[in-house]
$ cat model_8.cif   # mmCIF, C-alpha atoms and all ligand atoms
data_run
#
loop_
_atom_site.label_atom_id
_atom_site.label_comp_id
_atom_site.auth_asym_id
_atom_site.auth_seq_id
_atom_site.Cartn_x
_atom_site.Cartn_y
_atom_site.Cartn_z
CA MET A 1 260.33 47.67 29.47
CA THR A 2 259.47 44.01 29.54
CA SER A 3 260.98 42.10 32.42
CA THR A 4 260.98 38.34 31.95
CA ASP A 5 263.66 37.86 34.62
CA GLU A 6 264.18 34.20 33.76
CA SER A 7 267.32 34.02 35.90
CA SER A 8 265.19 34.35 39.07
CA MET A 9 263.57 30.98 38.29
CA THR A 10 266.68 28.89 37.69
CA THR A 11 266.90 27.83 41.36
CA PRO A 12 263.93 25.73 42.51
CA ILE A 13 261.66 27.47 45.02
CA THR A 14 261.60 25.65 48.37
CA ASP A 15 258.76 25.49 50.90
CA GLU A 16 261.10 27.11 53.41
CA GLU A 17 261.67 30.08 51.12
CA ILE A 18 257.92 30.50 50.60
CA PHE A 19 257.09 30.41 54.31
CA LEU A 20 260.04 32.62 55.30
CA SER A 21 258.99 35.27 52.79
CA HIS A 22 255.53 35.34 54.37
CA VAL A 23 256.66 35.80 57.98
CA GLY A 24 254.94 38.95 59.30
CA GLY A 25 252.83 39.16 56.13
CA LYS A 26 253.56 40.90 52.86
CA LEU A 27 252.36 44.43 53.65
CA SER A 28 253.18 47.42 55.83
CA THR A 29 252.16 51.08 55.84
CA GLU A 30 254.56 53.91 55.08
CA LEU A 31 254.44 57.53 56.21
CA GLN A 32 254.10 60.34 53.69
CA SER A 33 256.15 62.62 56.01
CA PRO A 34 258.39 61.67 58.94
CA LEU A 35 257.34 62.27 62.55
CA ASN A 36 260.67 63.29 64.12
CA THR A 37 260.06 66.61 65.83
CA GLN A 38 257.55 68.34 68.09
CA ARG A 39 256.61 70.44 65.07
CA ASP A 40 255.96 67.32 62.96
CA LEU A 41 253.73 65.93 65.72
CA SER A 42 251.87 69.19 66.18
CA ILE A 43 251.00 69.25 62.50
CA ALA A 44 250.23 65.57 61.81
CA TYR A 45 248.64 64.87 65.18
CA THR A 46 247.09 67.17 67.74
CA PRO A 47 246.50 70.11 67.52
CA GLY A 48 247.06 70.44 63.73
CA VAL A 49 245.01 67.46 62.63
CA ALA A 50 241.90 68.85 64.31
CA GLN A 51 241.75 71.67 61.77
CA VAL A 52 241.66 69.17 58.95
CA SER A 53 238.97 67.08 60.66
CA ARG A 54 236.87 70.21 61.27
CA ALA A 55 237.23 71.13 57.60
CA ILE A 56 236.08 67.68 56.48
CA ALA A 57 233.16 67.76 58.91
CA ALA A 58 232.07 71.04 57.33
CA GLN A 59 232.78 69.91 53.75
CA PRO A 60 232.75 66.09 53.51
CA GLU A 61 234.21 65.88 49.98
CA LEU A 62 237.50 67.24 51.38
CA VAL A 63 238.11 63.71 52.70
CA ASP A 64 239.29 62.86 49.18
CA ARG A 65 242.00 65.52 49.35
CA TYR A 66 243.16 65.20 52.92
CA THR A 67 243.09 61.43 53.57
CA TRP A 68 244.37 58.37 51.76
CA THR A 69 240.90 56.90 51.17
CA ASN A 70 240.35 58.34 47.69
CA ARG A 71 242.83 55.95 46.07
CA LEU A 72 242.66 53.16 48.64
CA VAL A 73 241.27 49.85 47.34
CA ALA A 74 239.67 47.44 49.80
CA VAL A 75 240.37 43.82 48.83
CA VAL A 76 237.38 42.06 50.35
CA SER A 77 236.88 38.31 50.74
CA ASP A 78 234.89 35.87 52.84
CA GLY A 79 237.36 33.10 52.05
CA SER A 80 234.71 30.94 50.37
CA ALA A 81 236.44 30.23 46.99
CA VAL A 82 240.10 30.97 47.56
CA LEU A 83 242.02 30.26 44.35
CA GLY A 84 241.02 26.66 43.65
CA LEU A 85 241.38 25.73 47.34
CA GLY A 86 237.67 26.15 48.04
CA ASP A 87 236.03 27.40 51.23
CA ILE A 88 239.07 27.69 53.49
CA GLY A 89 237.73 30.61 55.52
CA ALA A 90 238.63 34.23 56.11
CA ARG A 91 241.92 33.76 57.98
CA ALA A 92 243.40 31.31 55.49
CA SER A 93 242.44 33.64 52.65
CA LEU A 94 244.58 36.46 54.07
CA PRO A 95 247.90 35.55 52.38
CA VAL A 96 246.09 35.65 49.02
CA MET A 97 244.40 38.96 49.84
CA GLU A 98 247.69 40.47 51.06
CA GLY A 99 249.11 39.26 47.76
CA LYS A 100 246.39 41.04 45.80
CA SER A 101 247.13 44.23 47.76
CA ALA A 102 250.83 43.81 47.01
CA LEU A 103 249.99 43.53 43.30
CA PHE A 104 247.87 46.70 43.42
CA ARG A 105 250.81 48.54 44.98
CA SER A 106 253.49 47.07 42.80
CA PHE A 107 251.80 47.31 39.41
CA ALA A 108 249.47 50.31 39.71
CA GLY A 109 250.94 52.28 42.64
CA LEU A 110 247.60 52.02 44.45
CA ASN A 111 247.34 51.62 48.20
CA SER A 112 245.20 48.67 49.11
CA ILE A 113 244.01 47.00 52.29
CA PRO A 114 242.86 43.39 52.73
CA ILE A 115 239.57 43.01 54.60
CA VAL A 116 238.47 39.44 55.31
CA LEU A 117 235.02 38.84 56.70
CA ASP A 118 234.03 36.15 59.15
CA THR A 119 230.67 35.57 57.49
CA ASN A 120 229.33 34.08 54.25
CA ASP A 121 225.97 35.79 54.61
CA PRO A 122 225.31 38.20 51.70
CA ASP A 123 223.25 40.57 53.88
CA GLU A 124 226.06 40.81 56.44
CA ILE A 125 228.76 41.25 53.76
CA VAL A 126 226.83 44.04 52.02
CA GLU A 127 225.94 45.72 55.31
CA THR A 128 229.57 45.57 56.49
CA LEU A 129 230.84 47.21 53.32
CA ILE A 130 228.21 49.96 53.57
CA ARG A 131 229.39 50.69 57.12
CA LEU A 132 233.05 50.63 56.06
CA ARG A 133 232.49 52.87 53.01
CA PRO A 134 234.16 55.98 54.55
CA SER A 135 237.41 54.02 54.89
CA PHE A 136 238.20 53.35 51.22
CA GLY A 137 237.71 54.56 47.64
CA ALA A 138 237.05 51.31 45.76
CA VAL A 139 236.19 47.66 46.41
CA ASN A 140 237.84 44.65 44.80
CA LEU A 141 235.73 41.65 45.77
CA GLU A 142 237.89 38.52 45.75
CA ASP A 143 237.43 34.78 46.05
CA ILE A 144 233.75 34.81 47.00
CA SER A 145 232.05 31.68 45.71
CA ALA A 146 229.20 31.44 43.23
CA PRO A 147 226.30 31.90 43.20
CA ARG A 148 226.47 34.27 46.22
CA CYS A 149 229.13 36.37 44.50
CA PHE A 150 226.66 37.53 41.81
CA GLU A 151 224.12 38.89 44.30
CA ILE A 152 226.82 40.35 46.55
CA GLU A 153 228.52 42.20 43.70
CA ARG A 154 225.22 43.57 42.36
CA ARG A 155 224.12 44.80 45.79
CA VAL A 156 227.50 46.34 46.70
CA ILE A 157 227.57 48.16 43.34
CA GLU A 158 224.07 49.49 44.00
CA ALA A 159 224.88 50.54 47.57
CA LEU A 160 228.29 52.21 47.13
CA ASP A 161 229.16 55.31 45.12
CA CYS A 162 232.61 54.03 44.14
CA PRO A 163 234.16 51.50 41.74
CA VAL A 164 233.33 47.91 42.75
CA MET A 165 234.38 44.79 40.84
CA HIS A 166 234.48 41.09 41.62
CA ASP A 167 237.93 40.24 40.32
CA ASP A 168 237.33 36.50 39.85
CA GLN A 169 234.45 37.34 37.54
CA HIS A 170 235.52 40.34 35.54
CA GLY A 171 239.29 40.53 36.04
CA THR A 172 239.48 36.95 34.82
CA ALA A 173 237.09 37.50 31.91
CA ILE A 174 239.06 40.55 30.74
CA VAL A 175 242.34 38.62 30.65
CA VAL A 176 240.80 35.54 29.02
CA LEU A 177 239.40 37.74 26.24
CA ALA A 178 242.80 39.42 25.77
CA ALA A 179 244.53 36.03 25.64
CA LEU A 180 242.06 34.60 23.18
CA LYS A 181 242.56 37.61 20.91
CA GLY A 182 246.29 36.91 21.02
CA ALA A 183 245.83 33.18 20.43
CA VAL A 184 243.64 33.56 17.35
CA LYS A 185 246.12 35.98 15.82
CA VAL A 186 248.94 33.49 16.36
CA LEU A 187 246.84 30.72 14.77
CA ASP A 188 245.46 32.98 12.03
CA ARG A 189 241.89 32.24 13.08
CA GLU A 190 238.78 34.29 13.91
CA LEU A 191 237.24 34.57 17.38
CA ALA A 192 233.75 34.09 15.98
CA ASP A 193 234.64 30.69 14.46
CA LEU A 194 235.80 29.10 17.71
CA LYS A 195 234.00 26.33 19.56
CA VAL A 196 234.72 27.13 23.21
CA VAL A 197 234.23 24.83 26.20
CA ILE A 198 234.34 26.45 29.65
CA SER A 199 234.83 24.08 32.57
CA GLY A 200 233.42 25.84 35.64
CA ALA A 201 230.09 27.62 35.96
CA GLY A 202 231.03 29.69 38.97
CA ALA A 203 232.33 33.24 39.33
CA ALA A 204 235.00 32.99 36.64
CA GLY A 205 233.11 30.64 34.31
CA VAL A 206 229.93 32.71 34.12
CA ALA A 207 231.77 36.00 33.56
CA CYS A 208 234.07 34.46 30.92
CA ALA A 209 231.06 33.03 29.09
CA ASN A 210 229.36 36.43 29.15
CA ILE A 211 232.32 38.38 27.79
CA LEU A 212 233.02 35.81 25.05
CA LEU A 213 229.35 35.79 23.98
CA ALA A 214 229.36 39.60 23.98
CA CYS A 215 232.41 39.57 21.71
CA GLY A 216 230.75 37.44 19.08
CA ILE A 217 231.70 33.87 19.96
CA GLY A 218 228.51 31.95 19.28
CA ASP A 219 229.51 28.41 20.19
CA VAL A 220 230.16 28.37 23.94
CA VAL A 221 229.48 25.26 26.03
CA VAL A 222 229.75 25.51 29.83
CA LEU A 223 230.36 22.62 32.24
CA ASP A 224 229.78 22.49 35.96
CA SER A 225 230.64 19.62 38.30
CA LYS A 226 227.64 17.63 36.98
CA GLY A 227 228.16 18.10 33.24
CA ILE A 228 227.05 20.37 30.42
CA VAL A 229 224.96 23.31 31.56
CA ALA A 230 221.95 22.67 29.33
CA THR A 231 218.32 23.74 29.22
CA ASP A 232 217.03 20.22 29.97
CA ARG A 233 218.71 20.19 33.39
CA THR A 234 216.43 20.65 36.37
CA ASP A 235 219.17 21.21 38.97
CA LEU A 236 220.47 24.59 37.76
CA ASN A 237 220.52 27.73 39.86
CA GLU A 238 219.10 30.89 38.22
CA PHE A 239 222.51 32.01 36.89
CA LYS A 240 223.28 28.66 35.27
CA ALA A 241 219.72 28.42 33.90
CA ASP A 242 220.16 31.84 32.32
CA LEU A 243 223.51 30.72 30.85
CA ALA A 244 221.98 27.49 29.55
CA GLY A 245 219.54 29.55 27.49
CA ARG A 246 222.34 31.56 25.88
CA THR A 247 225.01 28.85 25.33
CA ASN A 248 225.28 25.30 24.00
CA PRO A 249 223.89 26.10 20.53
CA ARG A 250 224.35 22.49 19.35
CA ALA A 251 222.18 21.27 22.27
CA LEU A 252 224.88 18.90 23.52
CA THR A 253 224.13 16.68 26.49
CA GLY A 254 226.53 14.78 28.71
CA GLY A 255 229.81 15.90 30.19
CA ALA A 256 233.34 16.98 29.35
CA ALA A 257 233.86 14.19 26.79
CA GLU A 258 230.83 15.21 24.75
CA ALA A 259 231.68 18.90 25.02
CA LEU A 260 235.36 18.65 24.12
CA ALA A 261 235.16 16.32 21.11
CA GLY A 262 235.83 18.62 18.16
CA ALA A 263 236.17 21.77 20.27
CA ASP A 264 238.76 24.48 19.59
CA VAL A 265 239.21 26.00 23.06
CA PHE A 266 239.26 24.48 26.54
CA LEU A 267 238.97 27.11 29.26
CA GLY A 268 239.44 25.63 32.73
CA VAL A 269 238.14 27.71 35.65
CA SER A 270 236.85 24.86 37.76
CA ALA A 271 239.54 23.62 40.19
CA GLY A 272 238.80 20.20 38.70
CA THR A 273 240.94 18.10 36.37
CA ILE A 274 240.64 17.19 32.71
CA ALA A 275 241.94 13.94 31.23
CA GLU A 276 244.61 13.97 28.53
CA GLU A 277 242.46 11.94 26.12
CA LEU A 278 239.76 14.60 26.24
CA ILE A 279 242.26 17.29 25.25
CA ALA A 280 243.45 14.91 22.51
CA SER A 281 239.86 14.74 21.21
CA MET A 282 239.81 18.47 20.45
CA ASN A 283 240.35 19.88 16.96
CA ASP A 284 243.84 20.32 15.51
CA GLY A 285 245.36 23.61 16.60
CA ALA A 286 243.55 23.48 19.94
CA ILE A 287 243.86 26.22 22.55
CA VAL A 288 244.06 25.06 26.18
CA PHE A 289 243.74 27.60 28.99
CA ALA A 290 244.01 25.57 32.22
CA LEU A 291 243.59 28.45 34.63
CA SER A 292 242.85 26.90 38.01
CA ASN A 293 245.25 27.93 40.77
CA PRO A 294 247.48 26.64 42.04
CA ASP A 295 246.88 23.39 40.12
CA PRO A 296 245.90 23.71 36.45
CA GLU A 297 243.19 21.32 35.20
CA ILE A 298 245.91 19.59 33.15
CA HIS A 299 249.69 19.91 33.36
CA PRO A 300 250.85 22.23 30.56
CA ASP A 301 253.49 19.74 29.35
CA VAL A 302 250.77 17.14 28.86
CA ALA A 303 248.39 19.60 27.19
CA ARG A 304 251.16 20.74 24.83
CA LYS A 305 251.31 17.24 23.30
CA HIS A 306 247.87 17.87 21.77
CA ALA A 307 247.37 21.64 21.70
CA ALA A 308 248.88 24.48 19.68
CA ILE A 309 248.63 27.00 22.50
CA VAL A 310 248.69 26.27 26.23
CA ALA A 311 248.32 28.70 29.13
CA THR A 312 247.92 28.50 32.90
CA GLY A 313 247.15 30.94 35.71
CA ARG A 314 250.54 30.37 37.35
CA SER A 315 253.63 32.56 37.37
CA ASP A 316 256.06 29.71 36.63
CA PHE A 317 254.91 28.71 33.12
CA PRO A 318 254.73 30.73 29.89
CA ASN A 319 251.42 32.43 28.99
CA GLN A 320 250.20 33.38 32.46
CA ILE A 321 246.51 34.15 32.11
CA ASN A 322 245.76 35.67 35.47
CA ASN A 323 243.52 38.50 36.57
CA VAL A 324 246.63 40.33 37.84
CA LEU A 325 246.95 41.61 34.26
CA ALA A 326 243.62 43.41 34.67
CA PHE A 327 242.64 44.51 38.16
CA PRO A 328 245.50 46.93 39.00
CA GLY A 329 244.98 48.94 35.81
CA VAL A 330 241.18 48.70 35.88
CA PHE A 331 240.97 50.26 39.35
CA ALA A 332 243.73 52.80 38.62
CA GLY A 333 241.91 53.95 35.47
CA ALA A 334 238.54 54.11 37.22
CA LEU A 335 239.98 56.08 40.15
CA ASP A 336 241.98 58.39 37.86
CA VAL A 337 238.75 59.78 36.38
CA GLY A 338 236.55 59.43 39.46
CA ALA A 339 234.43 56.70 37.85
CA ARG A 340 231.53 55.59 40.04
CA ARG A 341 230.99 52.33 38.14
CA ILE A 342 232.93 49.85 36.03
CA THR A 343 230.99 49.35 32.80
CA GLU A 344 231.12 46.56 30.20
CA ASN A 345 232.88 48.93 27.78
CA MET A 346 235.57 49.60 30.39
CA LYS A 347 236.17 45.84 30.68
CA ILE A 348 236.35 45.35 26.90
CA ALA A 349 238.73 48.32 26.66
CA ALA A 350 240.93 46.75 29.34
CA ALA A 351 241.09 43.48 27.39
CA GLU A 352 242.03 45.31 24.20
CA ALA A 353 244.73 47.24 26.06
CA ILE A 354 246.28 44.05 27.47
CA HIS A 355 246.18 42.49 24.02
CA SER A 356 247.73 45.58 22.43
CA VAL A 357 250.77 45.41 24.72
CA ALA A 358 251.56 41.91 23.41
CA ALA A 359 250.35 42.43 19.84
CA ALA A 360 253.69 43.25 18.23
CA ALA A 361 255.46 40.11 19.48
CA LEU A 362 252.74 37.43 19.58
CA ALA A 363 253.90 33.80 19.53
CA PRO A 364 252.50 30.47 20.81
CA ASP A 365 254.25 31.06 24.16
CA TYR A 366 253.48 34.78 24.21
CA ILE A 367 249.75 35.40 23.76
CA VAL A 368 249.54 37.85 26.67
CA PRO A 369 252.18 40.11 28.20
CA SER A 370 253.89 39.14 31.43
CA PRO A 371 252.40 40.62 34.62
CA LEU A 372 255.91 42.03 35.19
CA ASP A 373 255.68 44.08 31.98
CA ASP A 374 255.38 47.60 33.30
CA ARG A 375 253.51 48.76 30.20
CA VAL A 376 250.42 46.71 31.13
CA ALA A 377 248.81 48.56 34.06
CA PRO A 378 249.29 52.05 32.55
CA ALA A 379 247.86 50.88 29.20
CA VAL A 380 244.87 49.29 30.95
CA ALA A 381 244.35 52.35 33.17
CA LYS A 382 244.39 54.73 30.19
CA ALA A 383 241.94 52.61 28.18
CA VAL A 384 239.62 52.16 31.16
CA ALA A 385 239.67 55.89 31.97
CA GLU A 386 238.82 56.79 28.36
CA ALA A 387 236.01 54.22 28.26
CA ALA A 388 234.62 55.56 31.55
CA GLN A 389 234.55 59.05 30.09
CA ALA A 390 232.93 57.81 26.88
CA ASP A 391 230.31 55.94 28.93
CA GLY A 392 229.60 59.03 31.04
CA VAL A 393 230.37 57.37 34.38
CA ALA A 394 233.48 59.44 35.16
N1 LIG A 401 243.82 32.38 36.44
C1 LIG A 401 242.99 33.25 36.95
O1 LIG A 401 243.14 34.46 36.81
C2 LIG A 401 241.81 32.78 37.72
C3 LIG A 401 241.61 31.46 38.00
N2 LIG A 401 240.50 31.07 38.69
C4 LIG A 401 240.40 29.67 39.03
O2 LIG A 401 239.13 29.17 38.64
C5 LIG A 401 238.67 28.22 39.59
C6 LIG A 401 237.23 28.54 39.97
O3 LIG A 401 237.18 29.79 40.61
P1 LIG A 401 235.77 30.51 40.88
O4 LIG A 401 235.00 30.64 39.62
O5 LIG A 401 236.07 31.73 41.65
O6 LIG A 401 235.07 29.43 41.83
P2 LIG A 401 233.53 29.11 42.09
O7 LIG A 401 233.49 28.37 43.36
O8 LIG A 401 232.71 30.34 41.96
O9 LIG A 401 233.12 28.13 40.89
C7 LIG A 401 233.69 26.89 40.69
C8 LIG A 401 232.95 26.19 39.57
O10 LIG A 401 233.69 25.06 39.16
C9 LIG A 401 232.79 23.98 39.01
N3 LIG A 401 233.49 22.69 39.12
C10 LIG A 401 234.05 22.12 40.20
N4 LIG A 401 234.61 20.93 39.86
C11 LIG A 401 234.39 20.78 38.54
C12 LIG A 401 234.72 19.79 37.60
N5 LIG A 401 235.40 18.71 37.96
N6 LIG A 401 234.33 19.95 36.31
C13 LIG A 401 233.66 21.04 35.93
N7 LIG A 401 233.33 22.04 36.77
C14 LIG A 401 233.67 21.89 38.06
C15 LIG A 401 231.77 24.18 40.08
O11 LIG A 401 230.63 23.39 39.75
P3 LIG A 401 229.27 23.40 40.60
O12 LIG A 401 228.63 24.71 40.24
O13 LIG A 401 228.54 22.23 40.06
O14 LIG A 401 229.66 23.29 42.03
C16 LIG A 401 231.56 25.69 39.96
O15 LIG A 401 230.64 25.99 38.94
C17 LIG A 401 239.69 28.22 40.73
O16 LIG A 401 240.55 27.13 40.57
C18 LIG A 401 240.47 29.50 40.54
O17 LIG A 401 241.81 29.40 40.94
C19 LIG A 401 239.55 31.96 39.13
C20 LIG A 401 239.71 33.28 38.89
C21 LIG A 401 240.88 33.80 38.20
C1 LIG A 402 243.92 34.34 40.29
C2 LIG A 402 242.74 34.27 41.12
O1 LIG A 402 242.16 35.28 41.47
C3 LIG A 402 242.23 32.98 41.51
O2 LIG A 402 242.77 31.95 41.10
O3 LIG A 402 241.24 32.95 42.26
MG MG A 403 240.69 35.00 42.95
#
$ encode --input "model_8.cif" --output "structure tokens" --more "lines below"
Ligand SMILES: NC(=O)C1=CN([C@@H]2O[C@H](COP(=O)(O)OP(=O)(O)OC[C@H]3O[C@@H](n4cnc5c(N)ncnc54)[C@H](OP(=O)(O)O)[C@@H]3O)[C@@H](O)[C@H]2O)C=CC1
Ligand SMILES: CC(=O)C(=O)O
Ligand SMILES: [Mg+2]
Amino acid sequence: MTSTDESSMTTPITDEEIFLSHVGGKLSTELQSPLNTQRDLSIAYTPGVAQVSRAIAAQPELVDRYTWTNRLVAVVSDGSAVLGLGDIGARASLPVMEGKSALFRSFAGLNSIPIVLDTNDPDEIVETLIRLRPSFGAVNLEDISAPRCFEIERRVIEALDCPVMHDDQHGTAIVVLAALKGAVKVLDRELADLKVVISGAGAAGVACANILLACGIGDVVVLDSKGIVATDRTDLNEFKADLAGRTNPRALTGGAAEALAGADVFLGVSAGTIAEELIASMNDGAIVFALSNPDPEIHPDVARKHAAIVATGRSDFPNQINNVLAFPGVFAGALDVGARRITENMKIAAAEAIHSVAAAALAPDYIVPSPLDDRVAPAVAKAVAEAAQADGVA
């Protein structure tokens, strides 16, 4: 069933309501069985529990059967790129990480625990997760800034024998691909013909560029805070330099104005802003995905004056392009089949599954399903599980 629940948005949300609903945090733990009697205690605690611990000590893989870790996702952040708020630190990132855990629980039925780290040092982050490995079954890296996020994700994947994914990279890229598939169908266009401009060359921007290139879009131009990521720039880190060699086929130079004139798609993952006249300079039938949270690069009402399709990352406008459509189902599918890695095919399969949920009812204001659509996570999980099996990582 699709739940749009428009009635819940008719009353404006007040600051008081937001803060009150966060008092004490958004999470708690529940017991699988009650602890009411001496018998209950003797089984769940001492002496009964000792038998289970002895069994696991003798046969370590039993930990998957007799503890909650097997399907527990650690949501891990250092607070360095929290939404579009920037480096606000570990403590301030916690409401977002509790939110991600709430989404795991609500949409995929997965237990999840936020872990925020009081360090930005990649060695310390990787080492901490190696030490914590017995406590969880998967790692969702969240809101870790580029370029450190690329090295951290690679090293954590190498070090841990469980599914690991940086959500801001791949969760975002999966949903952007799904949304673009929906948008081109609505506009009766082809993905491969699009001229795409990505504003942001960080975690989300690099991963979105990679997935769009992999899916056959040849004309991708990426912007960072200094302008077009191009091969003649001498100030690029290794990830941007690599991207420069694979994007910008028309060898554009300059900034957003030069990139957006005559473009078909604006994809904002920058936490910056984009002027209305630049959106107006795009081709007719433009697609504008202003995905920065909480403030889109351009207000959707303004973008709609010039664009055929407009989307944001927020829950209070139509077309919410947000990694929440991906990560619950991706991890559920990977854990369902005991996948040790999350492959590129699993990500593409997730995008196709999200798209397929919306495919029958596509419209300019419905290019992706709502995160509240309870068909999404199961469809993503099934597609991801099948792709994991096909890729031999299950
Ligand atoms: N809707 C969704 O699902 C998601 C949305 N996002 C949003 O994307 C944004 C970026 O997140 P993330 O990639 O994790 O952050 P990062 O810190 O990894 O990257 C930010 C990038 O944006 C660039 N940037 C900053 N200002 C501008 C500007 N004015 N014009 C062009 N580029 C600019 C930075 O440039 P430089 O390299 O020069 O510093 C950097 O490359 C956030 O607002 C976040 O909320 C992210 C993930 C998911
Ligand atoms: C949605 C999300 O993960 C972000 O904006 O960072
Ligand atoms: Mg994020």
$ residues_near_ligand --input "model_8.cif" --ligand "ligand LIG 402 (chain A)" --cutoff "6 Å" --atoms "only C-alpha atoms and all ligand atoms" --output "mmCIF file with C-alpha atoms, keeping the file's coordinate frame"
data_model
loop_
_atom_site.group_PDB
_atom_site.id
_atom_site.type_symbol
_atom_site.label_atom_id
_atom_site.label_comp_id
_atom_site.auth_asym_id
_atom_site.auth_seq_id
_atom_site.Cartn_x
_atom_site.Cartn_y
_atom_site.Cartn_z
ATOM 1 C CA VAL A 82 240.100 30.970 47.560
ATOM 2 C CA LEU A 83 242.020 30.260 44.350
ATOM 3 C CA ASP A 143 237.430 34.780 46.050
ATOM 4 C CA ASP A 168 237.330 36.500 39.850
ATOM 5 C CA SER A 292 242.850 26.900 38.010
ATOM 6 C CA ASN A 293 245.250 27.930 40.770
ATOM 7 C CA ASN A 322 245.760 35.670 35.470
ATOM 8 C CA ASN A 323 243.520 38.500 36.570
#
$ atom_distance --input "model_8.cif" --atom1 "atom CA of A:Gln169" --atom2 "atom CA of A:Ile321"
13.6 Å
$ residues_near_ligand --input "model_8.cif" --ligand "ligand LIG 401 (chain A)" --cutoff "6 Å" --atoms "all atoms listed in the file" --output "ChimeraX atom specification"
/A:81,83-84,143,145-146,168,172,199-205,223-226,269-273,291-293,313,321-323
$ closest_residue --input "model_8.cif" --among "A:Asn237, A:Gln389, A:Ser356, A:Ser135" --to "A:Asp64" --atoms "only C-alpha atoms"
A:Ser135
$ closest_residue --input "model_8.cif" --among "A:Ala286, A:Ile157, A:Leu62, A:Val324" --to "ligand MG 403 (chain A)" --atoms "all atoms listed in the file"
A:Val324
$ residues_around --input "model_8.cif" --residues "A:Ser77" --least-positions-apart "4" --cutoff "8 Å" --atoms "all atoms listed in the file" --output "ChimeraX atom specification"
/A:90,93,97,115-117,141-144
$ residues_around --input "model_8.cif" --residues "A:Leu177" --least-positions-apart "3" --cutoff "7 Å" --atoms "all atoms listed in the file" --output "ChimeraX atom specification"
/A:173-174,180-181,212,351
$ atom_distance --input "model_8.cif" --atom1 "atom CA of A:Val76" --atom2 "atom CA of A:Phe317"
28.0 Å
$ decode --input "model_8.cif" --residues "stretch 308-345 of chain A" --atoms "C-alpha atoms" --output "compact mmCIF listing (two decimals), in the first residue's frame"
# COMPACT_ATOMS: atom_id res chain seq x y z
CA ALA A 308 9.68 20.25 -16.14
CA ILE A 309 10.58 18.08 -13.17
CA VAL A 310 11.74 19.26 -9.74
CA ALA A 311 12.78 17.18 -6.75
CA THR A 312 14.34 17.78 -3.34
CA GLY A 313 15.75 15.62 -0.54
CA ARG A 314 13.08 16.80 1.91
CA SER A 315 9.99 15.02 3.18
CA ASP A 316 7.68 18.04 2.76
CA PHE A 317 7.77 18.45 -1.05
CA PRO A 318 6.79 16.05 -3.83
CA ASN A 319 9.51 13.86 -5.40
CA GLN A 320 11.66 13.20 -2.34
CA ILE A 321 14.99 11.95 -3.64
CA ASN A 322 16.61 10.76 -0.45
CA ASN A 323 18.85 7.83 0.35
CA VAL A 324 16.15 6.56 2.74
CA LEU A 325 14.64 4.91 -0.34
CA ALA A 326 17.78 2.78 -0.66
CA PHE A 327 19.70 1.99 2.51
CA PRO A 328 17.06 0.07 4.51
CA GLY A 329 16.40 -2.36 1.66
CA VAL A 330 20.04 -2.58 0.57
CA PHE A 331 21.18 -3.73 4.01
CA ALA A 332 18.14 -5.98 4.52
CA GLY A 333 18.80 -7.71 1.19
CA ALA A 334 22.52 -8.07 1.87
CA LEU A 335 21.91 -9.49 5.37
CA ASP A 336 19.12 -11.79 4.15
CA VAL A 337 21.61 -13.73 2.01
CA GLY A 338 24.68 -13.28 4.22
CA ALA A 339 26.41 -11.05 1.66
CA ARG A 340 29.92 -10.04 2.70
CA ARG A 341 30.11 -7.13 0.25
CA ILE A 342 27.82 -4.71 -1.55
CA THR A 343 28.70 -4.84 -5.25
CA GLU A 344 27.99 -2.39 -8.08
CA ASN A 345 25.39 -4.81 -9.48
